[in-house]
$ cat data11.pdb   # PDB, C-alpha atoms
ATOM      1  CA  MET Z   1      43.687  88.905  94.606
ATOM      2  CA  MET Z   2      43.632  88.846  98.402
ATOM      3  CA  PRO Z   3      41.832  85.820  99.912
ATOM      4  CA  PRO Z   4      38.616  86.513 101.866
ATOM      5  CA  PHE Z   5      40.236  85.356 105.117
ATOM      6  CA  ARG Z   6      43.243  86.473 107.140
ATOM      7  CA  VAL Z   7      46.674  85.275 106.023
ATOM      8  CA  ARG Z   8      49.936  86.293 107.678
ATOM      9  CA  THR Z   9      53.432  85.692 106.298
ATOM     10  CA  LEU Z  10      56.692  85.520 108.203
ATOM     11  CA  GLY Z  11      60.310  85.013 107.201
ATOM     12  CA  GLN Z  12      62.017  84.431 103.887
ATOM     13  CA  GLY Z  13      62.882  81.478 101.694
ATOM     14  CA  PRO Z  14      60.789  78.650 100.228
ATOM     15  CA  ARG Z  15      57.128  78.846 101.230
ATOM     16  CA  VAL Z  16      55.708  76.668 104.017
ATOM     17  CA  LEU Z  17      51.901  76.657 104.200
ATOM     18  CA  LEU Z  18      50.744  75.840 107.756
ATOM     19  CA  VAL Z  19      47.121  74.663 107.972
ATOM     20  CA  HIS Z  20      45.716  74.669 111.506
ATOM     21  CA  GLY Z  21      43.174  72.250 112.902
ATOM     22  CA  SER Z  22      39.917  72.781 114.777
ATOM     23  CA  VAL Z  23      39.054  75.075 117.714
ATOM     24  CA  THR Z  24      42.215  77.189 117.477
ATOM     25  CA  ASN Z  25      43.536  79.297 114.606
ATOM     26  CA  SER Z  26      47.016  79.947 113.203
ATOM     27  CA  VAL Z  27      48.307  80.890 116.661
ATOM     28  CA  THR Z  28      48.738  77.134 117.191
ATOM     29  CA  TRP Z  29      51.908  77.337 115.056
ATOM     30  CA  SER Z  30      53.701  79.826 117.353
ATOM     31  CA  SER Z  31      56.321  77.242 118.305
ATOM     32  CA  LEU Z  32      57.425  77.041 114.652
ATOM     33  CA  ARG Z  33      58.165  80.743 114.207
ATOM     34  CA  GLY Z  34      61.887  79.961 114.224
ATOM     35  CA  LEU Z  35      61.480  78.316 110.811
ATOM     36  CA  GLY Z  36      61.117  81.841 109.447
ATOM     37  CA  ARG Z  37      64.911  82.108 109.429
ATOM     38  CA  SER Z  38      65.014  79.761 106.434
ATOM     39  CA  TYR Z  39      61.456  79.695 105.072
ATOM     40  CA  THR Z  40      58.533  81.976 104.329
ATOM     41  CA  LEU Z  41      55.788  80.821 106.683
ATOM     42  CA  VAL Z  42      52.280  81.266 105.283
ATOM     43  CA  LEU Z  43      49.795  81.321 108.162
ATOM     44  CA  PRO Z  44      46.123  81.384 107.169
ATOM     45  CA  ASP Z  45      43.301  81.542 109.667
ATOM     46  CA  ARG Z  46      40.845  79.178 108.030
ATOM     47  CA  PRO Z  47      37.482  80.634 106.974
ATOM     48  CA  GLY Z  48      35.075  80.503 109.904
ATOM     49  CA  TYR Z  49      37.847  80.849 112.498
ATOM     50  CA  PRO Z  50      38.727  84.133 114.208
ATOM     51  CA  PRO Z  51      39.464  86.835 113.298
ATOM     52  CA  ASN Z  52      37.371  85.925 110.234
ATOM     53  CA  PRO Z  53      33.570  86.082 110.454
ATOM     54  CA  PRO Z  54      31.736  82.902 111.533
ATOM     55  CA  LEU Z  55      30.353  80.509 108.930
ATOM     56  CA  ALA Z  56      27.227  78.364 109.038
ATOM     57  CA  ARG Z  57      29.109  75.454 107.463
ATOM     58  CA  ILE Z  58      32.798  74.551 107.031
ATOM     59  CA  ASP Z  59      33.725  71.962 104.415
ATOM     60  CA  PHE Z  60      37.166  70.399 103.939
ATOM     61  CA  GLU Z  61      36.568  70.149 100.176
ATOM     62  CA  THR Z  62      35.936  73.874  99.822
ATOM     63  CA  GLN Z  63      38.811  74.849 102.082
ATOM     64  CA  ALA Z  64      41.261  72.615 100.216
ATOM     65  CA  ASP Z  65      40.534  74.635  97.087
ATOM     66  CA  GLU Z  66      40.604  77.976  98.918
ATOM     67  CA  LEU Z  67      43.942  77.291 100.586
ATOM     68  CA  ALA Z  68      45.499  75.986  97.367
ATOM     69  CA  GLU Z  69      45.567  79.623  96.265
ATOM     70  CA  LEU Z  70      48.230  80.205  98.933
ATOM     71  CA  LEU Z  71      50.706  77.711  97.463
ATOM     72  CA  GLY Z  72      52.062  80.292  95.053
ATOM     73  CA  GLU Z  73      54.389  78.695  92.542
ATOM     74  CA  SER Z  74      55.166  75.959  95.088
ATOM     75  CA  ALA Z  75      55.214  75.393  98.843
ATOM     76  CA  HIS Z  76      55.792  72.841 101.554
ATOM     77  CA  VAL Z  77      52.463  71.974 103.216
ATOM     78  CA  VAL Z  78      52.032  71.165 106.921
ATOM     79  CA  GLY Z  79      48.580  70.282 108.269
ATOM     80  CA  PHE Z  80      47.409  69.497 111.795
ATOM     81  CA  SER Z  81      44.302  67.398 112.558
ATOM     82  CA  TYR Z  82      41.373  68.709 110.445
ATOM     83  CA  GLY Z  83      43.966  70.852 108.689
ATOM     84  CA  GLY Z  84      45.779  67.624 107.861
ATOM     85  CA  VAL Z  85      42.696  66.332 106.044
ATOM     86  CA  ILE Z  86      42.562  69.589 104.083
ATOM     87  CA  SER Z  87      46.285  69.323 103.339
ATOM     88  CA  LEU Z  88      45.992  65.764 102.000
ATOM     89  CA  LEU Z  89      43.241  66.848  99.618
ATOM     90  CA  LEU Z  90      45.084  70.012  98.610
ATOM     91  CA  ALA Z  91      48.334  68.137  97.902
ATOM     92  CA  GLY Z  92      46.622  65.360  95.971
ATOM     93  CA  ARG Z  93      44.927  67.925  93.722
ATOM     94  CA  ASN Z  94      48.006  70.124  93.208
ATOM     95  CA  PRO Z  95      51.023  67.793  93.308
ATOM     96  CA  GLU Z  96      53.092  69.881  90.907
ATOM     97  CA  ARG Z  97      52.958  72.829  93.345
ATOM     98  CA  VAL Z  98      53.807  70.910  96.531
ATOM     99  CA  ARG Z  99      57.441  70.694  97.677
ATOM    100  CA  SER Z 100      56.663  68.327 100.572
ATOM    101  CA  LEU Z 101      53.691  67.275 102.701
ATOM    102  CA  THR Z 102      53.589  66.843 106.488
ATOM    103  CA  VAL Z 103      50.407  65.719 108.233
ATOM    104  CA  ILE Z 104      49.830  65.480 111.977
ATOM    105  CA  GLU Z 105      47.141  63.048 113.183
ATOM    106  CA  PRO Z 106      44.574  63.815 110.457
ATOM    107  CA  PRO Z 107      41.147  62.314 111.324
ATOM    108  CA  CYS Z 108      40.575  60.856 107.847
ATOM    109  CA  PHE Z 109      39.072  57.688 109.274
ATOM    110  CA  GLY Z 110      37.906  56.431 105.897
ATOM    111  CA  VAL Z 111      41.426  55.311 104.931
ATOM    112  CA  ALA Z 112      41.300  52.509 107.509
ATOM    113  CA  GLU Z 113      37.675  52.059 108.521
ATOM    114  CA  HIS Z 114      38.249  48.307 108.822
ATOM    115  CA  VAL Z 115      40.243  48.901 112.041
ATOM    116  CA  PRO Z 116      38.013  48.461 115.141
ATOM    117  CA  ALA Z 117      39.515  51.435 117.018
ATOM    118  CA  ILE Z 118      38.800  53.701 114.051
ATOM    119  CA  ARG Z 119      35.239  52.433 113.669
ATOM    120  CA  GLU Z 120      34.607  53.100 117.356
ATOM    121  CA  LEU Z 121      36.058  56.625 117.345
ATOM    122  CA  SER Z 122      34.299  57.532 114.108
ATOM    123  CA  ARG Z 123      31.002  56.225 115.504
ATOM    124  CA  ASP Z 124      31.401  58.257 118.714
ATOM    125  CA  MET Z 125      32.184  61.457 116.808
ATOM    126  CA  GLN Z 126      29.316  60.980 114.372
ATOM    127  CA  ALA Z 127      26.931  60.445 117.293
ATOM    128  CA  LEU Z 128      28.134  63.645 118.957
ATOM    129  CA  TRP Z 129      27.544  65.705 115.809
ATOM    130  CA  ALA Z 130      24.162  64.051 115.197
ATOM    131  CA  GLU Z 131      22.896  65.125 118.620
ATOM    132  CA  GLY Z 132      23.033  68.753 117.508
ATOM    133  CA  GLU Z 133      24.448  70.025 120.804
ATOM    134  CA  ASP Z 134      24.492  73.836 120.620
ATOM    135  CA  ASP Z 135      26.400  74.706 123.796
ATOM    136  CA  PRO Z 136      30.175  75.019 123.182
ATOM    137  CA  ALA Z 137      30.867  74.446 126.882
ATOM    138  CA  VAL Z 138      29.171  71.031 126.623
ATOM    139  CA  PHE Z 139      30.337  70.098 123.134
ATOM    140  CA  LEU Z 140      34.080  70.749 123.501
ATOM    141  CA  PRO Z 141      34.845  68.487 126.503
ATOM    142  CA  ARG Z 142      32.757  65.685 125.006
ATOM    143  CA  PHE Z 143      34.600  66.060 121.711
ATOM    144  CA  ALA Z 144      37.997  65.986 123.433
ATOM    145  CA  ALA Z 145      37.019  62.989 125.558
ATOM    146  CA  SER Z 146      36.121  61.004 122.442
ATOM    147  CA  PHE Z 147      39.817  60.670 121.569
ATOM    148  CA  GLY Z 148      41.357  60.890 125.028
ATOM    149  CA  ALA Z 149      42.288  64.584 124.982
ATOM    150  CA  GLU Z 150      40.037  65.764 127.801
ATOM    151  CA  GLY Z 151      43.094  66.763 129.848
ATOM    152  CA  GLN Z 152      44.070  69.266 127.147
ATOM    153  CA  VAL Z 153      40.770  71.169 127.317
ATOM    154  CA  PRO Z 154      40.151  73.920 129.920
ATOM    155  CA  PRO Z 155      37.110  73.396 132.177
ATOM    156  CA  THR Z 156      35.329  76.412 130.682
ATOM    157  CA  VAL Z 157      35.237  77.888 127.179
ATOM    158  CA  GLN Z 158      36.766  81.353 127.329
ATOM    159  CA  PRO Z 159      34.889  84.092 125.411
ATOM    160  CA  GLY Z 160      37.767  84.492 122.952
ATOM    161  CA  ARG Z 161      37.640  80.792 122.147
ATOM    162  CA  GLU Z 162      33.906  80.362 121.675
ATOM    163  CA  GLN Z 163      33.958  81.130 117.941
ATOM    164  CA  GLY Z 164      36.616  78.468 117.410
ATOM    165  CA  VAL Z 165      34.515  75.850 119.187
ATOM    166  CA  ARG Z 166      31.437  76.859 117.212
ATOM    167  CA  ALA Z 167      33.497  76.541 114.019
ATOM    168  CA  LEU Z 168      34.370  72.980 115.041
ATOM    169  CA  MET Z 169      30.674  72.290 115.603
ATOM    170  CA  VAL Z 170      29.773  73.217 112.013
ATOM    171  CA  GLU Z 171      32.674  71.453 110.294
ATOM    172  CA  ARG Z 172      31.794  68.696 107.874
ATOM    173  CA  GLY Z 173      32.713  65.383 109.456
ATOM    174  CA  PRO Z 174      36.259  64.421 108.409
ATOM    175  CA  TRP Z 175      35.230  60.750 108.288
ATOM    176  CA  GLU Z 176      33.528  61.655 104.986
ATOM    177  CA  ALA Z 177      36.782  62.721 103.314
ATOM    178  CA  GLU Z 178      37.921  60.646 100.349
ATOM    179  CA  ILE Z 179      41.695  60.913 100.473
ATOM    180  CA  PRO Z 180      43.383  60.611  97.028
ATOM    181  CA  LEU Z 181      45.880  57.978  98.133
ATOM    182  CA  GLU Z 182      46.865  56.924  94.619
ATOM    183  CA  ALA Z 183      47.585  60.503  93.577
ATOM    184  CA  LEU Z 184      49.624  61.071  96.724
ATOM    185  CA  ALA Z 185      51.575  57.847  96.230
ATOM    186  CA  GLY Z 186      52.425  58.832  92.662
ATOM    187  CA  ALA Z 187      53.418  62.393  93.496
ATOM    188  CA  ASP Z 188      56.984  63.635  93.238
ATOM    189  CA  PHE Z 189      57.128  65.148  96.736
ATOM    190  CA  PRO Z 190      58.073  63.435 100.032
ATOM    191  CA  THR Z 191      55.533  62.918 102.808
ATOM    192  CA  LEU Z 192      55.970  62.894 106.586
ATOM    193  CA  VAL Z 193      53.218  61.407 108.776
ATOM    194  CA  CYS Z 194      53.320  62.273 112.493
ATOM    195  CA  SER Z 195      51.393  60.990 115.492
ATOM    196  CA  ALA Z 196      51.577  61.025 119.284
ATOM    197  CA  GLY Z 197      51.349  57.302 119.975
ATOM    198  CA  SER Z 198      48.465  58.019 122.347
ATOM    199  CA  HIS Z 199      45.319  56.781 120.553
ATOM    200  CA  PRO Z 200      45.031  53.552 118.532
ATOM    201  CA  ALA Z 201      42.695  55.099 115.951
ATOM    202  CA  TYR Z 202      45.083  57.896 115.049
ATOM    203  CA  GLU Z 203      48.003  55.469 115.039
ATOM    204  CA  ALA Z 204      46.158  53.240 112.564
ATOM    205  CA  VAL Z 205      45.244  56.175 110.312
ATOM    206  CA  CYS Z 206      48.838  57.407 110.277
ATOM    207  CA  ASP Z 207      50.211  53.913 109.666
ATOM    208  CA  VAL Z 208      47.960  53.466 106.638
ATOM    209  CA  LEU Z 209      48.754  56.923 105.263
ATOM    210  CA  ALA Z 210      52.496  56.333 105.517
ATOM    211  CA  GLU Z 211      52.234  52.863 103.982
ATOM    212  CA  ARG Z 212      49.960  53.892 101.109
ATOM    213  CA  THR Z 213      51.869  57.072 100.215
ATOM    214  CA  GLY Z 214      55.390  55.779 100.822
ATOM    215  CA  GLY Z 215      55.820  58.450 103.482
ATOM    216  CA  GLU Z 216      58.095  58.627 106.503
ATOM    217  CA  ARG Z 217      56.425  57.686 109.790
ATOM    218  CA  VAL Z 218      57.272  59.465 113.044
ATOM    219  CA  VAL Z 219      55.865  59.131 116.574
ATOM    220  CA  LEU Z 220      56.572  62.009 118.981
ATOM    221  CA  ARG Z 221      55.171  61.582 122.475
ATOM    222  CA  GLY Z 222      54.522  64.148 125.165
ATOM    223  CA  ALA Z 223      51.925  66.562 123.776
ATOM    224  CA  GLY Z 224      48.992  64.282 122.995
ATOM    225  CA  HIS Z 225      47.059  65.084 119.830
ATOM    226  CA  ALA Z 226      48.938  68.398 119.459
ATOM    227  CA  VAL Z 227      52.056  66.647 118.176
ATOM    228  CA  HIS Z 228      53.461  69.881 116.747
ATOM    229  CA  LEU Z 229      53.912  71.080 120.335
ATOM    230  CA  ALA Z 230      55.935  68.019 121.343
ATOM    231  CA  SER Z 231      59.613  68.294 122.183
ATOM    232  CA  GLY Z 232      61.685  67.687 119.078
ATOM    233  CA  PHE Z 233      58.937  68.283 116.523
ATOM    234  CA  ARG Z 234      60.350  71.496 115.104
ATOM    235  CA  GLU Z 235      63.795  69.959 114.718
ATOM    236  CA  ARG Z 236      62.338  66.888 113.014
ATOM    237  CA  LEU Z 237      60.318  69.039 110.654
ATOM    238  CA  GLU Z 238      63.360  71.193 109.856
ATOM    239  CA  ARG Z 239      65.368  68.109 108.884
ATOM    240  CA  PHE Z 240      62.540  66.855 106.699
ATOM    241  CA  LEU Z 241      62.106  70.190 104.923
ATOM    242  CA  ALA Z 242      65.863  70.507 104.370
ATOM    243  CA  ALA Z 243      66.045  66.994 102.916
ATOM    244  CA  ALA Z 244      63.123  67.782 100.609
ATOM    245  CA  GLU Z 245      64.880  70.942  99.423
ATOM    246  CA  ASP Z 246      68.132  69.034  98.809
ATOM    247  CA  ALA Z 247      66.333  66.344  96.810
ATOM    248  CA  ARG Z 248      64.528  68.990  94.781
ATOM    249  CA  ALA Z 249      67.816  70.764  94.009
ATOM    250  CA  ARG Z 250      69.412  67.501  92.857
ATOM    251  CA  ARG Z 251      66.491  66.776  90.537
ATOM    252  CA  SER Z 252      66.692  70.275  89.086
ATOM    253  CA  ALA Z 253      70.417  69.918  88.455
ATOM    254  CA  GLY Z 254      69.865  66.762  86.415
ATOM    255  CA  PRO Z 255      72.253  63.812  86.168
ATOM    256  CA  ALA Z 256      75.941  64.398  86.751
ATOM    257  CA  PRO Z 257      78.049  64.578  83.562
ATOM    258  CA  ALA Z 258      79.796  61.386  82.541
ATOM    259  CA  PRO Z 259      83.480  61.297  83.560
ATOM    260  CA  LEU Z 260      86.118  61.817  80.881
ATOM    261  CA  PRO Z 261      87.889  58.703  79.594
ATOM    262  CA  ARG Z 262      91.029  57.755  81.476
ATOM    263  CA  GLY Z 263      94.020  59.653  80.176
ATOM    264  CA  GLY Z 264      92.056  62.855  79.654
ATOM    265  CA  GLY Z 265      92.192  64.484  76.254
ATOM    266  CA  ARG Z 266      89.441  66.197  74.349
ATOM    267  CA  ALA Z 267      86.784  64.504  72.316
ATOM    268  CA  GLY Z 268      86.948  64.970  68.551
ATOM    269  CA  SER Z 269      89.608  64.659  65.910
TER     270      SER Z 269
END
$ encode --input "data11.pdb" --output "structure tokens"
Amino acid sequence: MMPPFRVRTLGQGPRVLLVHGSVTNSVTWSSLRGLGRSYTLVLPDRPGYPPNPPLARIDFETQADELAELLGESAHVVGFSYGGVISLLLAGRNPERVRSLTVIEPPCFGVAEHVPAIRELSRDMQALWAEGEDDPAVFLPRFAASFGAEGQVPPTVQPGREQGVRALMVERGPWEAEIPLEALAGADFPTLVCSAGSHPAYEAVCDVLAERTGGERVVLRGAGHAVHLASGFRERLERFLAAAEDARARRSAGPAPAPLPRGGGRAGS
């Protein structure tokens, strides 16, 4: 059955599900199109984001279940920002169908709410949502400024981008997400946790995620919160996916046969 939101596929090979963050849609992954030479890229536009119809409410719990339908038999999962929160939930609930997990600065502040920088950022974001601001042109720059990304936001909200900003405005706060860290730590797939090194709250979240899940930890500077646009990200992701595929193939092959006794000969009488 076709999902009730737009999904594009590109390339051939093992599936890679790319889950975009807030404001933009799957176009954010354009720099990764080259992966289609070796993988089938699955590019959903999350419900509520264009070209899908707007929603009155967007919930990471619901979308984790909706996007799990796109895993097929199995897939690598890559999630950016709010899409990273969704990806963590999706992978924790469906570990047997996940080949690897990559998350990029997910705002799941609950994993390390004891860290002062996280408490401050979470408080600022909660206050912004609580105000009920209804003007996208006011909301977006204030949202970006809360985590130091104001330089990445245009001074005006273009008409084609307004729905994406309004989708952000009705998203359930990611600070409410309960990440299944134990399930992720016990899963059979590798995890890669990426950040930009530009905000202490995101660095703390990513540090905790990598430590608690046993994941690899990577910092790629130069693109701010949009780490997937940083120089070297695609190459780093390609190496990680290839290593995950190699490890999976070795597990499927089973242990190597025991060597014959010295001197050769056949077993038996």
$ atom_distance --input "data11.pdb" --atom1 "atom CA of Pro159 of chain Z" --atom2 "atom CA of Arg142 of chain Z"
18.5 Å
$ resolve_selection --input "data11.pdb" --expression "the PyMOL selection byres ((chain Z and resi 139) around 10)" --output "VMD selection string"
chain Z and resid 128 to 129 132 to 138 140 to 144 165 to 166 168 to 169
$ residues_around --input "data11.pdb" --residues "His20 of chain Z" --least-positions-apart "2" --cutoff "10 Å" --atoms "only C-alpha atoms" --output "list in words"
Leu17, Leu18, Ser22, Val23, Thr24, Asn25, Ser26, Val27, Thr28, Trp29, Leu43, Pro44, Asp45, Arg46, Val78, Gly79, Phe80, Ser81, Tyr82, Gly83, Gly84, Ile86 and Ser87 of chain Z
$ closest_residue --input "data11.pdb" --among "Z:Asp188, Z:Glu211, Z:Glu171, Z:Glu245" --to "Ala56 of chain Z" --atoms "all atoms listed in the file"
Z:Glu171
$ atom_distance --input "data11.pdb" --atom1 "atom CA of Ala223 of chain Z" --atom2 "atom CA of Arg6 of chain Z"
27.4 Å
$ closest_atom_pairs --input "data11.pdb" --of "segment 197-241 of chain Z" --to "segment 89-100 of chain Z" --cutoff "12 Å" --atoms "all atoms listed in the file" --output "JSON lines"
{"residue": "Z:Thr213", "atom": "CA", "partner": "Z:Gly92", "partner_atom": "CA", "distance": 10.7}
{"residue": "Z:Gly215", "atom": "CA", "partner": "Z:Ser100", "partner_atom": "CA", "distance": 10.3}
{"residue": "Z:Glu216", "atom": "CA", "partner": "Z:Ser100", "partner_atom": "CA", "distance": 11.5}
{"residue": "Z:Leu237", "atom": "CA", "partner": "Z:Ser100", "partner_atom": "CA", "distance": 10.7}
{"residue": "Z:Glu238", "atom": "CA", "partner": "Z:Ser100", "partner_atom": "CA", "distance": 11.8}
{"residue": "Z:Phe240", "atom": "CA", "partner": "Z:Ser100", "partner_atom": "CA", "distance": 8.6}
{"residue": "Z:Leu241", "atom": "CA", "partner": "Z:Ser100", "partner_atom": "CA", "distance": 7.2}
$ atom_distance --input "data11.pdb" --atom1 "atom CA of Ser198 of chain Z" --atom2 "atom CA of Glu131 of chain Z"
26.8 Å
$ closest_residue --input "data11.pdb" --among "Z:Pro4, Z:Pro47, Z:Pro53, Z:Gly21" --to "Pro106 of chain Z" --atoms "all atoms listed in the file"
Z:Gly21
$ closest_residue --input "data11.pdb" --among "Z:Ile118, Z:Val219, Z:Ala177, Z:Met125" --to "Thr62 of chain Z" --atoms "all atoms listed in the file"
Z:Ala177
$ resolve_selection --input "data11.pdb" --expression "the PyMOL selection byres ((chain Z and resi 115) around 12)" --output "list in words"
Phe109, Gly110, Val111, Ala112, Glu113, His114, Pro116, Ala117, Ile118, Arg119, Glu120, Leu121, Ser122, Pro200, Ala201, Tyr202, Glu203, Ala204, Val205, Asp207 and Val208 of chain Z
$ resolve_selection --input "data11.pdb" --expression "the PyMOL selection byres ((chain Z and resi 226) around 10)" --output "list of chain:residue names"
Z:Gly21, Z:Thr28, Z:Phe80, Z:Ser81, Z:Ile104, Z:Glu105, Z:Ala149, Z:Gln152, Z:Ser195, Z:Ala196, Z:Leu220, Z:Arg221, Z:Gly222, Z:Ala223, Z:Gly224, Z:His225, Z:Val227, Z:His228, Z:Leu229, Z:Ala230
$ closest_residue --input "data11.pdb" --among "Z:Asp59, Z:Leu10, Z:Leu184, Z:Thr191" --to "Ser38 of chain Z" --atoms "all atoms listed in the file"
Z:Leu10
$ closest_residue --input "data11.pdb" --among "Z:Val7, Z:Ala64, Z:Ala243, Z:Ala187" --to "Tyr49 of chain Z" --atoms "only C-alpha atoms"
Z:Val7
$ closest_residue --input "data11.pdb" --among "Z:Gln163, Z:Ser74, Z:Gln158, Z:Ser231" --to "Pro14 of chain Z" --atoms "only C-alpha atoms"
Z:Ser74
$ axis_aligned_box --input "data11.pdb" --around "segment 9-18 of chain Z" --padding-each-side "6 Å" --output "lines of an AutoDock Vina configuration file"
center_x = 56.8
center_y = 80.8
center_z = 104.2
size_x = 24.1
size_y = 21.9
size_z = 20.0
$ residues_around --input "data11.pdb" --residues "Ile58 of chain Z" --least-positions-apart "5" --cutoff "8 Å" --atoms "only C-alpha atoms" --output "JSON, numbers by chain"
{"Z": [47, 48, 63, 167, 170, 171, 172]}
$ decode --input "data11.pdb" --residues "segment 85-98 of chain Z" --atoms "N, CA and C atoms" --output "mmCIF file, in the first residue's frame"
data_model
loop_
_atom_site.group_PDB
_atom_site.id
_atom_site.type_symbol
_atom_site.label_atom_id
_atom_site.label_comp_id
_atom_site.auth_asym_id
_atom_site.auth_seq_id
_atom_site.Cartn_x
_atom_site.Cartn_y
_atom_site.Cartn_z
ATOM 1 N N VAL Z 85 15.543 12.421 15.690
ATOM 2 C CA VAL Z 85 14.720 11.929 16.803
ATOM 3 C C VAL Z 85 13.801 10.815 16.307
ATOM 4 N N ILE Z 86 13.144 11.064 15.175
ATOM 5 C CA ILE Z 86 12.271 10.047 14.582
ATOM 6 C C ILE Z 86 13.060 8.780 14.277
ATOM 7 N N SER Z 87 14.258 8.940 13.743
ATOM 8 C CA SER Z 87 15.078 7.785 13.361
ATOM 9 C C SER Z 87 15.508 6.967 14.570
ATOM 10 N N LEU Z 88 15.839 7.613 15.671
ATOM 11 C CA LEU Z 88 16.202 6.895 16.894
ATOM 12 C C LEU Z 88 15.033 6.054 17.395
ATOM 13 N N LEU Z 89 13.845 6.623 17.373
ATOM 14 C CA LEU Z 89 12.659 5.878 17.805
ATOM 15 C C LEU Z 89 12.372 4.726 16.852
ATOM 16 N N LEU Z 90 12.410 5.017 15.565
ATOM 17 C CA LEU Z 90 12.142 4.007 14.540
ATOM 18 C C LEU Z 90 13.107 2.829 14.671
ATOM 19 N N ALA Z 91 14.406 3.129 14.822
ATOM 20 C CA ALA Z 91 15.412 2.068 14.898
ATOM 21 C C ALA Z 91 15.279 1.257 16.180
ATOM 22 N N GLY Z 92 14.976 1.933 17.287
ATOM 23 C CA GLY Z 92 14.816 1.214 18.544
ATOM 24 C C GLY Z 92 13.629 0.275 18.541
ATOM 25 N N ARG Z 93 12.602 0.610 17.749
ATOM 26 C CA ARG Z 93 11.392 -0.217 17.682
ATOM 27 C C ARG Z 93 11.488 -1.328 16.636
ATOM 28 N N ASN Z 94 12.416 -1.165 15.679
ATOM 29 C CA ASN Z 94 12.512 -2.124 14.569
ATOM 30 C C ASN Z 94 13.961 -2.551 14.338
ATOM 31 N N PRO Z 95 14.676 -2.966 15.372
ATOM 32 C CA PRO Z 95 16.112 -3.212 15.209
ATOM 33 C C PRO Z 95 16.444 -4.295 14.191
ATOM 34 N N GLU Z 96 15.566 -5.274 14.049
ATOM 35 C CA GLU Z 96 15.840 -6.377 13.133
ATOM 36 C C GLU Z 96 15.755 -5.950 11.667
ATOM 37 N N ARG Z 97 15.213 -4.765 11.403
ATOM 38 C CA ARG Z 97 15.072 -4.280 10.024
ATOM 39 C C ARG Z 97 16.006 -3.108 9.721
ATOM 40 N N VAL Z 98 16.910 -2.804 10.634
ATOM 41 C CA VAL Z 98 17.824 -1.675 10.459
ATOM 42 C C VAL Z 98 19.233 -2.202 10.202
#
